[in-house]
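> The structure under discussion is supplied below as C-alpha cells; questions concerning it will follow.
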Amino acid sequence: MTWIGFDHPWVLLLLPLALLPLAGSPLRASATPSEALAPRDPLSSAISATLKTLGVLAIAFIVLGLAGAHRRDQQVERRGVGANIVLLIDRSSSMDSTFANRSPTGAEESKSAAARRLLTDFATRRPADRVAVAAFSTAPMLVSPMTDRHDAVRAAIAAIDRPGLAHTDVGRGLSLAFSLFDDESTETSRAIVMVSDGAAVIDRRVQDALRDASRRNPVRLYWLFLRTQGARGIYDKPPPGEPDSPQTYPERHLDIFLKSLGLPYRAFEANSAQEVSAAIKEIDQLEQRPTTYVETIPRQDLDWVFYAFASVALLLLLGAKLTERRLDETPVPLRRDGALQPRRAAS
Amino acid sequence: MSEAIRRAGPPRADLPYRLFGRARGVAPGSHRAVGAGANGAFLRHASILEIPDARRIDMRASLLDPLGGLKVRRFENRARIDVFVLLDLSGSMAFGRGGRADDPVAELVSAVAHAAVRGQDRFALIAAGPNAREDLAIRPTRRRGVADEVWAKLVDEVGEGRGVASLIEAADELPQRRALVFVVSDFLMLEEELSELMGRLWRHDVAPVVVRSSAVEDRLPRFGLVETRDLETGRRRMVLMRKSLRERWIAEARARRAGLDAVFRRYGRPAFDLVDRFEPDAFADYLLSGGV
C-alpha cells in the first residue's frame, strides 16, 4: 500500500467507527413476541447483510475521504522507441528573417518560426523521447533540461522564435549540449540536433573541449543548416585563390570540424521550410532506437472517489430507511357498535 | 387511563365455566362431584339395605321393583372446585400490552377470578416466566375483592425474561385435587416444552388461552423493510416484507396455531384465542361450547 497516501493520517484513527453498523441498525426495530414468527428468508438475510456492509463501507469511505486519501506520484519505467535528443537552436538575430533574408511577412514565415513549427511537430510525433532544449547565440542558454515532460518541451520550443540576439557561438553551444545528457539517457540513443542558420569560428580551446566531450560522450550529431538565400552553404568550396579559412567559410569549416570529431554525423542543408521538414523527417526515421525512460505519474486525489462511493452507500441506506415499516402494535379500535373495526394494515 | 379503571378494571360478567368430569372434594359448590349425597340432582336408586335413609324412599320405584325391595334415592354430590390461572409472564407476553386500559390478559384473568368467586369456587393464580413470580401468586381464595386485586397486579405486569422453564415447574405447584386450570400464554414455545407442560397438567381440566396479536399475524405491512426485535432474546432480524413473504408468514402463523390445537386436543380441550382484546361474550361462548 505504498502507492496510497493520506494528507491527514490521524483521521484514520476514526476508522474503527466503521464497525458501528455491525452493532446497530439503521431501522427502528418493531418488537415481536418471538423471532420465530418471521419465516426464514434468504433474500431478507442477504439484504440485512448488505445493509450492514453498506453502513461499514459508508463510514470507512467517509473517513478515508476526510483523511485526504490520494495516490502518490509514481515513477514508472517505460520502454519506447525514440531517443534522448538535445535540440540545440540558434538564437541569433538572423534566425528572425526569412529564408530569403527579408523581414517576415504574412506570406513568408521567419526561419525561427518555421523551425519552431516543425520541431514542435517533431516532438509531438515522438512521445517516447526525452528532450532537452538549449539555445546559443552570444552565449549558450539552457532552456529546458533533459525531460520527458512534453508540455515543457513544447513550451521550450515555442520560445525559440522570440527576437534573437547578435552572435553565434556554436562551440560553446555544442559543449552545453554535450553536458545535457544525464545518466538516465542510454548511450545508444543520444543525439544532438543543432539548428542554425550560420556558423562561426570555434575557439581552439573549445575545439579541444568538444573533442574531449565527444570521446567521453559519444552521440549522434545532426546539423540542420537553414541556409539563407545568397549565403554560403556547407559544401561551398572557396574559388581557387581565395583563402580557405574558417573566418571566411565558417560553415564549411564547422562541417569539417564536426566530421573530424569521429561521431556519427549528418548535416542537412535546407533552403526552405519544405526542405527543413524533409530533413526533420529523416532525423525522425534515423532516431528510432529502444529507450527506457521514466515517466512520473503525478499524485492523484482519491478523496472524491471515496466520497462518491460513500454517497452511493448512503443513498442505498436512505432508500432502505425510506422503505422501513413497523409492525402496528396498537390494537384495532372498536366501532361504536362494539364490532372490530377492520383497518387496513399499515403499508 | 383513569385511576378508577386502573384500580378496578372494566366491569365484569359471570362466566359459565364448567369442570369436565367430576370434581372431588367435600366443600359444597356448584360442580358435579364424585360420590352420592342427600341433596341435589337425582343420581340413582339404592337399596335401603345399603343406605338406611328412610326419608328418601322412592315409593314408585319401590313398588315397581319386581323383587320388592325398598329403593332409596341418591343424589349427586356438588362440590366446589379450585379455578387456577397459570399465567405465562415471559418476555414474549409483553407484546401489545403495557399501559393499555384494556389489557386483554389482565381483563381475562380478573374476569375468571370474578366468575370463580361468584360461582362459589376458589380462585388461585400462579404466574411464572423464566422465574417463578411468587409476588403475584394468589392462593386459592374466595375473597370478594380478588378480581380487582388481580387486575391491579397484572395490568402493569407485562412480562420479561426468556423461556418458560419456570412455568413448567409451576405446574407441579397445583393441588392434587382436580381443578380447572386456565393456562394463559402465547404458547410460543417448543413443542417438547408444550407437551411437557400439558403432561404435567394431566390431572386437571386444562383450558388453554392462546394470547395472540393480529399485528404479527394479519395486519402485517404489505411491503417494506421490517426489523423485528425478539422480546425475549432481544435479537434483531431484518425482513423484506413483500407479497410472497407476507403470505408465507400468515400461512406459518396458521400452521403454528393448528399445531397447537392438535396438542391441546390430545390433552383435553381446544384453546381459546385471546386476540388483541378480551371479549367476555366470546369467552363465555367458548366455555359453554367447550371450544368446539
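Lettering and numbering for the C-alpha cells are positional, with chains as A, B, ... in the shown order, residues counted from 1 in each chain, and ligands counted from 1 in the shown order.
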If we count only C-alpha atoms, which residues of chain B reach to within 6 Å of chain A? Please list them as a short mmCIF file (atom, residue, chain, number, x, y, z; two decimals) with N, CA and C atoms, in the first residue's frame.

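Output (out25.cif):
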data_model
loop_
_atom_site.label_atom_id
_atom_site.label_comp_id
_atom_site.auth_asym_id
_atom_site.auth_seq_id
_atom_site.Cartn_x
_atom_site.Cartn_y
_atom_site.Cartn_z
N SER B 92 -42.11 -12.60 25.88
CA SER B 92 -42.93 -12.53 24.67
C SER B 92 -44.35 -12.09 24.97
N PHE B 95 -45.86 -8.35 24.35
CA PHE B 95 -46.24 -7.75 23.08
C PHE B 95 -47.68 -7.25 23.11
N GLY B 96 -47.84 -6.02 22.73
CA GLY B 96 -49.18 -5.44 22.64
C GLY B 96 -49.81 -5.13 23.97
N ALA B 215 -51.34 -7.98 15.08
CA ALA B 215 -50.27 -7.17 14.50
C ALA B 215 -49.18 -8.03 13.89
N ARG B 219 -52.34 -8.18 10.35
CA ARG B 219 -52.13 -6.78 9.97
C ARG B 219 -50.67 -6.50 9.69
N LEU B 220 -50.08 -7.32 8.89
CA LEU B 220 -48.68 -7.10 8.55
C LEU B 220 -48.58 -6.04 7.47
N PRO B 221 -47.51 -5.27 7.46
CA PRO B 221 -47.34 -4.33 6.34
C PRO B 221 -47.21 -5.09 5.02
N ARG B 222 -47.60 -4.41 3.95
CA ARG B 222 -47.61 -5.11 2.66
C ARG B 222 -46.22 -5.14 2.04
N GLY B 224 -42.03 -3.49 2.50
CA GLY B 224 -41.06 -2.65 3.20
C GLY B 224 -40.11 -3.48 4.02
N LEU B 225 -39.12 -2.79 4.53
CA LEU B 225 -38.14 -3.46 5.39
C LEU B 225 -38.64 -3.39 6.83
N VAL B 226 -38.77 -4.52 7.44
CA VAL B 226 -39.21 -4.57 8.83
C VAL B 226 -38.09 -5.19 9.64
N GLU B 227 -37.72 -4.51 10.69
CA GLU B 227 -36.70 -5.08 11.56
C GLU B 227 -37.40 -5.54 12.83
N THR B 228 -37.33 -6.82 13.08
CA THR B 228 -38.02 -7.35 14.25
C THR B 228 -37.03 -7.50 15.40
N ARG B 229 -37.55 -7.26 16.59
CA ARG B 229 -36.71 -7.47 17.77
C ARG B 229 -37.45 -8.44 18.67
N ASP B 230 -36.81 -9.55 18.91
CA ASP B 230 -37.41 -10.57 19.75
C ASP B 230 -37.50 -10.03 21.17
N LEU B 231 -38.70 -10.07 21.73
CA LEU B 231 -38.88 -9.50 23.07
C LEU B 231 -38.16 -10.34 24.13
N MET B 238 -33.88 -8.63 10.17
CA MET B 238 -34.49 -7.79 9.16
C MET B 238 -35.20 -8.67 8.14
N VAL B 239 -36.40 -8.27 7.80
CA VAL B 239 -37.09 -8.99 6.74
C VAL B 239 -37.58 -7.99 5.71
N LEU B 240 -37.50 -8.39 4.49
CA LEU B 240 -38.08 -7.58 3.42
C LEU B 240 -39.50 -8.08 3.22
N TRP B 249 -45.68 -15.86 5.84
CA TRP B 249 -45.73 -15.52 7.27
C TRP B 249 -47.10 -15.89 7.83
N ASP B 276 -55.94 -9.72 20.54
CA ASP B 276 -55.95 -8.25 20.68
C ASP B 276 -56.71 -7.74 21.90
#
> List the spatial neighbours of Ala127 (chain B) as a list in words - criterion: any atom at most 7 Å away, only C-alpha atoms, same-chain residues fewer than 3 positions off excluded.
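Returned residues: Leu86, Leu87, Asp88, Leu89, Ala132, Arg133, Leu136 and Ala137 of chain B.
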> Write a file of the selected residues as a compact mmCIF listing (two decimals), in the first residue's frame, keeping C-alpha atoms.

# COMPACT_ATOMS: atom_id res chain seq x y z
CA LEU B 86 -51.44 -20.47 35.18
CA LEU B 87 -50.10 -17.29 33.66
CA ASP B 88 -47.07 -17.14 31.43
CA LEU B 89 -45.14 -13.93 32.09
CA ALA B 132 -41.41 -18.05 39.39
CA ARG B 133 -43.29 -14.92 40.34
CA LEU B 136 -48.01 -12.41 42.00
CA ALA B 137 -49.14 -15.79 43.29
> Would you list, as a list in words, the residues of region 54-142 of chain A that end up in alpha helix (DSSP H) under DSSP run on this structure's backbone?
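The alpha helix (DSSP H) subset of region 54-142 of chain A is Leu54, Gly55, Val56, Leu57, Ala58, Ile59, Ala60, Phe61, Ile62, Val63, Leu64, Gly65, Leu66, Lys111, Ser112, Ala113, Ala114, Ala115, Arg116, Arg117, Leu118, Leu119, Thr120, Asp121, Phe122, Ala123, Thr124 and Arg125 of chain A.
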> Any idea what's packed within 10 Å of Pro218 (chain A), counting only C-alpha atoms, ignoring anything in its chain fewer than 3 positions away? Could you give it as a list in words?
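That gives Phe178, Glu187, Thr188, Ser189, Arg190, Ala191, Ala213, Ser214, Arg215, Leu221, Leu261, Gly262, Leu263 and Pro264 of chain A.
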> Got a sec: who's within 9 Å of region 99-104 of chain A, counting only C-alpha atoms, leaving out chain neighbours fewer than 4 positions off, as number ranges by chain?
A: 94-95, 108-111, 226-230, 271-273
> Need to verify the contact set: Ser62 (chain B), 9 Å, only C-alpha atoms, exclusion of same-chain residues closer than 5 positions in sequence. Can you return it as a PyMOL selection string?
chain B and resi 57+68-72
> Kindly save the residues from that selection, with N, CA and C atoms included, as a short mmCIF file (atom, residue, chain, number, x, y, z; two decimals), in the first residue's frame.

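Output contents, as saved in again.cif:
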data_model
loop_
_atom_site.label_atom_id
_atom_site.label_comp_id
_atom_site.auth_asym_id
_atom_site.auth_seq_id
_atom_site.Cartn_x
_atom_site.Cartn_y
_atom_site.Cartn_z
N ILE B 57 -86.99 -42.60 50.68
CA ILE B 57 -87.53 -43.78 49.99
C ILE B 57 -88.35 -43.30 48.81
N GLY B 68 -89.32 -56.51 45.03
CA GLY B 68 -89.99 -55.99 46.20
C GLY B 68 -89.10 -55.31 47.19
N GLY B 69 -87.94 -54.92 46.78
CA GLY B 69 -87.06 -54.21 47.69
C GLY B 69 -87.43 -52.75 47.80
N LEU B 70 -87.03 -52.11 48.87
CA LEU B 70 -87.28 -50.70 49.03
C LEU B 70 -86.12 -49.92 48.42
N LYS B 71 -86.46 -48.90 47.60
CA LYS B 71 -85.42 -48.11 46.91
C LYS B 71 -85.28 -46.75 47.56
N VAL B 72 -84.12 -46.37 47.71
CA VAL B 72 -83.82 -45.05 48.27
C VAL B 72 -83.17 -44.20 47.18
#
> May I have the residues within 10 Å of Leu314 (chain A) as a list in words, using only C-alpha atoms and disregarding those fewer than 4 positions away in the same chain?
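That gives Leu51, Leu54, Gly55, Leu57, Ala58, Ile59, Ala308, Phe309, Ala310, Leu318, Gly319 and Ala320 of chain A.
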> Rounded to one decimal in Å, what is the spacing between CA of His70 (chain A) and CA of Gly5 (chain A)?
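Here the two named atoms are 5.3 Å from each other.
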